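Student: I am attaching a structure below and will ask some questions about it afterwards.
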Amino acid sequence: MKINDMILKNDVKAENQTSEKFKIYESENCKKRVLFLGNSITLHEKAPHIGWNRNCGMAASCEEKDYVHIVLRYLREKYGEIGYCIANVAEWERNYWEEDRMQQWKEARDFRADIVVLRLGENIRKDRFEEYPLQGYLREFIKYFITDETKVVITDTFWEHGYICDSLKAVAKEINAELVSISDLGYKDENKAVGLFEHAGVAGHPGDLGMERIAERIIDRLEELD
C-alpha cells in the first residue's frame, strides 16, 4: 500500500480549524449552488500559534488563490452568479464512525447544492480502519448531502494513503461521481508551501501552485458534467 509520509507526519490538528462550520453566500440571482466539503486544505481560520494568519485554504497566499475560490471563479465565468457553502468537516474525519454526528452538518445539507465537491481524507483516523471500515461511512457521509440530481466530484488525498484513496475511489464509483486524482501532487515540493512557513505541517500543505493544480483537475471534471 502506497503512503506519502506527510499524511502520517502532518501535525496541523483536525480540531478547531474553524470557529464556524460554514461560510455561506447565496442570493436570489444564483444560477448554481455549490457545496465544498473539506478540511484545512479547503478552509482553515487564522492559527497564529502555528504561523498561519489567513482565513482560507491552507497554505494559499490569499483567499483568491486557494482551490475553492479558483473553482468558484470558473463557475462564475461559466454560469454567472454562484451561491456557495464552504464546510470544514475535519471533525467528521477524526470521528467518522460515531453515530448521530450528521445533524451538525444539516445547514450544509439544507443548502441544497447543485454541485458538491468532496475534498477530504488527510485527517481520517488511520488507527480505526480495521474496527470501522471506511468505505461505508464515506458513502453514507456524502449521500447525506446529495440527491439523484446532484452533480458530485470527489478527489483522493493530496498526501497519498492507499487505503483512504481506494475508499474514496470506490465510493465515487458507487454513487456515479466524478473522481479526481490529486495524490501525485503531494510528492513534489513545488506544489507545497515549503520554505514559506516555519511550521512543517503548514508548509506541507499545497501552496499557490498546488492549489491551482488541484483546482484545474476539479474544473476538468466539472466541464464533463454538463
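Residues in the C-alpha cells are numbered from 1 in each chain, the chains being A, B, ... in the order shown, and ligands are numbered from 1 in the order shown.
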Can you pull out the residues contacting stretch 28-33 of chain A? Cut-off 12 Å, using only C-alpha atoms, and skip same-chain residues under 6 positions away; I want them as number ranges by chain.
Tutor: A: 72, 75-86, 108-117, 150-151
Student: Residues of the last selection are to be written out with C-alpha atoms, as a CSV table (one decimal), in the first residue's frame.
Tutor:
chain,number,residue,atom,x,y,z
A,72,LEU,CA,-15.7,29.5,-7.9
A,75,LEU,CA,-18.1,28.6,-12.2
A,76,ARG,CA,-19.0,32.3,-12.2
A,77,GLU,CA,-17.4,32.8,-15.7
A,78,LYS,CA,-19.5,29.8,-16.9
A,79,TYR,CA,-22.8,30.4,-15.3
A,80,GLY,CA,-23.0,33.8,-13.7
A,81,GLU,CA,-23.9,34.4,-10.0
A,82,ILE,CA,-22.9,31.4,-7.8
A,83,GLY,CA,-24.1,30.5,-4.4
A,84,TYR,CA,-21.7,28.6,-2.3
A,85,CYS,CA,-21.3,26.8,1.0
A,86,ILE,CA,-17.7,26.1,2.3
A,108,ALA,CA,-24.9,22.4,4.6
A,109,ARG,CA,-27.3,19.7,3.5
A,110,ASP,CA,-30.2,22.2,3.5
A,111,PHE,CA,-28.2,24.5,1.3
A,112,ARG,CA,-29.4,22.1,-1.5
A,113,ALA,CA,-26.3,22.3,-3.7
A,114,ASP,CA,-26.5,21.6,-7.4
A,115,ILE,CA,-22.8,20.6,-7.3
A,116,VAL,CA,-20.9,19.0,-4.4
A,117,VAL,CA,-17.1,18.8,-4.2
A,150,THR,CA,-26.7,16.5,-7.6
A,151,LYS,CA,-23.5,16.5,-9.6
Student: So that I can see what lies close to A:Val89, please list as a ChimeraX atom specification the residues with an atom at most 12 Å from it, counting only C-alpha atoms and leaving out residues fewer than 4 positions away in the same chain.
Tutor: /A:14-22,35-44,93-96,101-102,104-105,108,118-124,141-142
Student: Near A:Ala177, within 8 Å and counting only C-alpha atoms, which residues show up once chain neighbours fewer than 6 positions away are dropped, as a list in words?
Tutor: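 The neighbour list is Lys151, Val152, Val153 and Ile154 of chain A.
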Student: Would you give me, as a ChimeraX atom specification, the residues in chain A that DSSP reads as strand (DSSP E)?
Tutor: /A:22-25,32-38,82-88,115-119,151-155,178-180
Student: Please determine, counting only C-alpha atoms, which residue among A:Asp189, A:Glu174, A:Glu98, A:Asp220 has the shortest atom-to-atom distance to A:Lys143.
Tutor: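 When distances to A:Lys143 are compared using only C-alpha atoms, the smallest one comes from A:Glu174.
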Student: As a PyMOL selection string, please: every residue in stretch 14-171 of chain A that DSSP puts in alpha helix (DSSP H).
Tutor: chain A and resi 67-79+90-94+106-110+134-143+162-171
Student: Tell me, in Å to one decimal, how far atom CA of A:Arg139 is from atom CA of A:Asp100.
Tutor: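 Spanning atom CA of A:Arg139 to atom CA of A:Asp100 is a straight-line distance of 15.5 Å.
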Student: Using only C-alpha atoms, which residue out of A:Ser183, A:Ile7, A:Trp92, A:Ala59 lies closest to A:Gly195?
Tutor: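 Nearest candidate to A:Gly195 out of A:Ser183, A:Ile7, A:Trp92, A:Ala59: A:Ala59.
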Student: So the first atom is atom CA of A:Glu107 and the second is atom CA of A:Ile214; what is the distance between them in Å, to one decimal place?
Tutor: 26.1 Å
Student: Tell me which of A:Ser181, A:Asn53, A:Gln135, A:Thr157 sits closest to A:Arg217, counting only C-alpha atoms.
Tutor: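 For A:Arg217, the nearest of the given residues is A:Ser181.
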